[in-house]
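Before any comments, here is the structure.
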Amino acid sequence: MNKKVNKKRLAGYILVAAAFTTLGAIAAVKQEAKPAASAAAGLYTQSLNDLAGKPQALAQWKGKPLLVNFWASWCAPCVQEMPELSALAAKEGGKRFNVIGIGIDSPSNLVQFTQKTRVAYPLYVGGMGATDLARGLGNANGGLPYTVLIGADGKVIKTYLGRLKFDQLKADLAKL
């Protein structure tokens with residue numbers, strides 16, 4: 001009996017994860033989401049925990065272009081783009097722009113993920129509340145992954161819904 005309940009529960013979790021992944025994939029057809037009209041001021045008022053559980057003010061990223069990647073460990077396109085995004089951050093991040101990741105996931109899932117996958121940029125625990133933060137930055141559909149390019153002036157330059165197309169991203173970053 002208990003095995004049947006666990007199998008049903010697991011099937012339910014898989015169905016929910018597949019639904020989110022499908023929504024992200026469908027939304028990716030639009031690759032570029034509609035940028036938020038206002039500045040990213042709401043982002044800089046937030047304080048999120050890092051993976052060690054220490055609160056971090058996102059205001060520390062003001063004044064330089066910032067690439068914010070909303071992701072989850074259960075999101076296949078998010079996981080697929082992370083190695084290339086991490087390589088980009090390791091190579092160029094911090095010089096002309098910074099990269100941060102905000103996980104829409106539990107702290108334990110994010111920590112487990114980073115134990116298996118090295119990430120070269122700061123990651124923060126946003127939990128499900130980060131969905132509202134992403135919506136405030138133009139992600140009306142709530143799909144993942146969702147990436148926002150914010151200028152040094154704090155204004156949203158461009159948003160990307162779905163798996164990043166790195167040729168396009170690098171061209172956009174070259175314009176900074």
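Labels used: A, B, ... for chains in the order of the structure tokens, numbers from 1 for residues in each chain, and numbers from 1 for ligands as shown.
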Quiz prompt | Backbone-only DSSP, alpha helix (DSSP H) members of range 21-142 of chain A, as a PyMOL selection string | solution = chain A and resi 21-28+41-44+76-92+107-116+130-136
Self-check item: Surrounding residues of Gly93 in chain A excluding itself and chain neighbours under 2 positions, 12 Å, only C-alpha atoms, as a list in words
Solution: Lys64, Pro65, Leu66, Leu67, Val68, Leu85, Ser86, Ala87, Leu88, Ala89, Ala90, Lys91, Lys95, Arg96, Phe97, Asn98, Val99, Ile100, Ala120, Tyr121, Pro122, Lys170 and Leu173 of chain A
Mind dumping the selected residues with N, CA and C atoms as a PDB file, in the first residue's frame?
```pdb
ATOM      1  N   LYS A  64      26.606  48.375 -11.977  1.00  0.00           N
ATOM      2  CA  LYS A  64      27.266  47.678 -13.078  1.00  0.00           C
ATOM      3  C   LYS A  64      26.209  46.810 -13.744  1.00  0.00           C
ATOM      4  N   PRO A  65      26.292  46.611 -15.058  1.00  0.00           N
ATOM      5  CA  PRO A  65      25.308  45.729 -15.699  1.00  0.00           C
ATOM      6  C   PRO A  65      25.244  44.372 -14.991  1.00  0.00           C
ATOM      7  N   LEU A  66      24.024  43.834 -14.931  1.00  0.00           N
ATOM      8  CA  LEU A  66      23.784  42.602 -14.198  1.00  0.00           C
ATOM      9  C   LEU A  66      22.927  41.653 -15.028  1.00  0.00           C
ATOM     10  N   LEU A  67      23.348  40.415 -15.093  1.00  0.00           N
ATOM     11  CA  LEU A  67      22.590  39.359 -15.751  1.00  0.00           C
ATOM     12  C   LEU A  67      22.020  38.481 -14.635  1.00  0.00           C
ATOM     13  N   VAL A  68      20.682  38.460 -14.514  1.00  0.00           N
ATOM     14  CA  VAL A  68      20.008  37.705 -13.460  1.00  0.00           C
ATOM     15  C   VAL A  68      19.314  36.506 -14.100  1.00  0.00           C
ATOM     16  N   LEU A  85      26.490  29.211 -19.104  1.00  0.00           N
ATOM     17  CA  LEU A  85      26.322  30.465 -18.377  1.00  0.00           C
ATOM     18  C   LEU A  85      27.426  30.610 -17.330  1.00  0.00           C
ATOM     19  N   SER A  86      27.779  29.516 -16.693  1.00  0.00           N
ATOM     20  CA  SER A  86      28.854  29.518 -15.708  1.00  0.00           C
ATOM     21  C   SER A  86      30.201  29.836 -16.368  1.00  0.00           C
ATOM     22  N   ALA A  87      30.443  29.270 -17.546  1.00  0.00           N
ATOM     23  CA  ALA A  87      31.681  29.560 -18.278  1.00  0.00           C
ATOM     24  C   ALA A  87      31.745  31.030 -18.682  1.00  0.00           C
ATOM     25  N   LEU A  88      30.617  31.582 -19.106  1.00  0.00           N
ATOM     26  CA  LEU A  88      30.549  33.002 -19.470  1.00  0.00           C
ATOM     27  C   LEU A  88      30.854  33.868 -18.252  1.00  0.00           C
ATOM     28  N   ALA A  89      30.277  33.525 -17.116  1.00  0.00           N
ATOM     29  CA  ALA A  89      30.509  34.285 -15.892  1.00  0.00           C
ATOM     30  C   ALA A  89      31.967  34.190 -15.453  1.00  0.00           C
ATOM     31  N   ALA A  90      32.553  33.015 -15.570  1.00  0.00           N
ATOM     32  CA  ALA A  90      33.954  32.832 -15.172  1.00  0.00           C
ATOM     33  C   ALA A  90      34.895  33.611 -16.079  1.00  0.00           C
ATOM     34  N   LYS A  91      34.562  33.669 -17.366  1.00  0.00           N
ATOM     35  CA  LYS A  91      35.435  34.333 -18.335  1.00  0.00           C
ATOM     36  C   LYS A  91      35.291  35.854 -18.304  1.00  0.00           C
ATOM     37  N   LYS A  95      33.997  41.855 -14.915  1.00  0.00           N
ATOM     38  CA  LYS A  95      34.760  42.894 -15.615  1.00  0.00           C
ATOM     39  C   LYS A  95      33.814  43.944 -16.167  1.00  0.00           C
ATOM     40  N   ARG A  96      32.940  43.525 -17.087  1.00  0.00           N
ATOM     41  CA  ARG A  96      31.983  44.460 -17.698  1.00  0.00           C
ATOM     42  C   ARG A  96      30.581  44.294 -17.130  1.00  0.00           C
ATOM     43  N   PHE A  97      30.301  43.136 -16.555  1.00  0.00           N
ATOM     44  CA  PHE A  97      28.978  42.836 -16.011  1.00  0.00           C
ATOM     45  C   PHE A  97      29.118  41.744 -14.960  1.00  0.00           C
ATOM     46  N   ASN A  98      28.079  41.592 -14.158  1.00  0.00           N
ATOM     47  CA  ASN A  98      28.027  40.520 -13.166  1.00  0.00           C
ATOM     48  C   ASN A  98      26.900  39.564 -13.516  1.00  0.00           C
ATOM     49  N   VAL A  99      27.003  38.338 -13.019  1.00  0.00           N
ATOM     50  CA  VAL A  99      25.986  37.313 -13.221  1.00  0.00           C
ATOM     51  C   VAL A  99      25.587  36.786 -11.846  1.00  0.00           C
ATOM     52  N   ILE A 100      24.272  36.684 -11.621  1.00  0.00           N
ATOM     53  CA  ILE A 100      23.779  36.021 -10.416  1.00  0.00           C
ATOM     54  C   ILE A 100      22.650  35.070 -10.809  1.00  0.00           C
ATOM     55  N   ALA A 120      29.956  29.144 -11.390  1.00  0.00           N
ATOM     56  CA  ALA A 120      30.978  30.170 -11.172  1.00  0.00           C
ATOM     57  C   ALA A 120      30.411  31.545 -10.837  1.00  0.00           C
ATOM     58  N   TYR A 121      29.154  31.613 -10.444  1.00  0.00           N
ATOM     59  CA  TYR A 121      28.560  32.901 -10.080  1.00  0.00           C
ATOM     60  C   TYR A 121      27.706  32.702  -8.832  1.00  0.00           C
ATOM     61  N   PRO A 122      27.428  33.784  -8.110  1.00  0.00           N
ATOM     62  CA  PRO A 122      26.661  33.666  -6.875  1.00  0.00           C
ATOM     63  C   PRO A 122      25.238  33.173  -7.125  1.00  0.00           C
ATOM     64  N   LYS A 170      25.578  36.926 -26.069  1.00  0.00           N
ATOM     65  CA  LYS A 170      26.912  37.523 -26.191  1.00  0.00           C
ATOM     66  C   LYS A 170      26.863  38.792 -27.039  1.00  0.00           C
ATOM     67  N   LEU A 173      25.464  41.446 -24.782  1.00  0.00           N
ATOM     68  CA  LEU A 173      26.448  41.849 -23.792  1.00  0.00           C
ATOM     69  C   LEU A 173      27.554  42.706 -24.407  1.00  0.00           C
TER      70      LEU A 173
END
```
May I have the residues within 12 Å of Leu149 in chain A as a compact mmCIF listing (two decimals) with C-alpha atoms, in the first residue's frame, using only C-alpha atoms and disregarding those fewer than 2 positions away in the same chain?
```
# COMPACT_ATOMS: atom_id res chain seq x y z
CA GLU A 32 12.60 37.26 -25.82
CA ALA A 33 9.96 38.19 -23.29
CA PRO A 35 10.91 43.72 -20.82
CA ALA A 36 9.50 45.40 -17.75
CA ALA A 39 13.70 50.02 -13.68
CA ALA A 40 14.73 46.92 -11.76
CA LYS A 64 27.27 47.68 -13.08
CA PRO A 65 25.31 45.73 -15.70
CA LEU A 66 23.78 42.60 -14.20
CA LEU A 67 22.59 39.36 -15.75
CA VAL A 68 20.01 37.70 -13.46
CA ASN A 69 19.10 34.08 -14.18
CA PHE A 70 15.95 32.64 -12.57
CA PHE A 97 28.98 42.84 -16.01
CA ASN A 98 28.03 40.52 -13.17
CA VAL A 99 25.99 37.31 -13.22
CA ILE A 100 23.78 36.02 -10.42
CA LEU A 137 10.88 41.96 -14.18
CA GLY A 138 8.63 41.06 -17.11
CA TYR A 146 14.10 33.40 -17.26
CA THR A 147 17.07 35.73 -17.61
CA GLY A 151 21.97 48.05 -17.30
CA ALA A 152 24.29 49.90 -14.95
CA ASP A 153 21.50 52.48 -14.60
CA GLY A 154 19.18 49.82 -13.16
CA LYS A 155 16.90 49.63 -16.18
CA VAL A 156 15.95 46.37 -17.81
CA ILE A 157 17.70 46.18 -21.19
CA LYS A 158 16.41 42.81 -22.34
CA THR A 159 14.75 39.66 -21.06
CA TYR A 160 15.10 36.07 -22.26
CA LEU A 161 12.45 33.44 -21.65
CA LEU A 164 19.43 31.01 -23.52
CA LEU A 169 23.25 36.89 -25.36
CA LYS A 170 26.91 37.52 -26.19
CA ASP A 172 23.67 41.83 -26.38
CA LEU A 173 26.45 41.85 -23.79
CA LYS A 175 26.65 46.32 -26.66
CA LEU A 176 27.11 47.22 -22.98
```
Quiz prompt | Between CA of Ala57 in chain A and CA of Thr131 in chain A, distance in Å (one decimal) | solution = 17.9 Å
Quiz item: Within 10 Å of Val79 in chain A, counting only C-alpha atoms, which residues qualify if same-chain residues fewer than 6 places away don't, as JSON, numbers by chain?
Solution: {"A": [71, 72, 73, 113, 117, 145, 163]}
Write a file of the selected residues as an mmCIF file, in the first residue's frame, keeping C-alpha atoms.
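Dumped to out27.cif:
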```
data_model
loop_
_atom_site.group_PDB
_atom_site.id
_atom_site.type_symbol
_atom_site.label_atom_id
_atom_site.label_comp_id
_atom_site.auth_asym_id
_atom_site.auth_seq_id
_atom_site.Cartn_x
_atom_site.Cartn_y
_atom_site.Cartn_z
ATOM 1 C CA TRP A 71 16.199 28.843 -12.515
ATOM 2 C CA ALA A 72 15.308 25.640 -10.657
ATOM 3 C CA SER A 73 17.137 22.347 -10.213
ATOM 4 C CA PHE A 113 22.581 20.657 -7.206
ATOM 5 C CA THR A 117 27.471 20.952 -10.727
ATOM 6 C CA PRO A 145 14.501 29.643 -17.206
ATOM 7 C CA ARG A 163 16.892 28.322 -22.693
#
```
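Nearest to Asn141 in chain A of all the residues A:Asn49, A:Ala59, A:Gly162, A:Glu92 is A:Gly162, based on only C-alpha atoms.
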Practice problem: Would you please give, as a ChimeraX atom specification, all residues of range 50-171 of chain A that DSSP assigns to strand (DSSP E) based on the backbone? | Solution: /A:50,55-57,66-71,98-103,123-125,146-150,156-161
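Across the model, the gap from CA of Val125 in chain A to CA of Gln60 in chain A is 16.1 Å.
Once Ala52 in chain A and its same-chain neighbours fewer than 5 positions away are set aside, Pro107, Ser108, Leu110, Val111, Thr114, Pro122, Leu123, Tyr124 and Val125 of chain A remain within 12 Å of it when counting only C-alpha atoms.
Atom pair CA of Ile102 in chain A / CA of Gln168 in chain A: separated by 21.5 Å.
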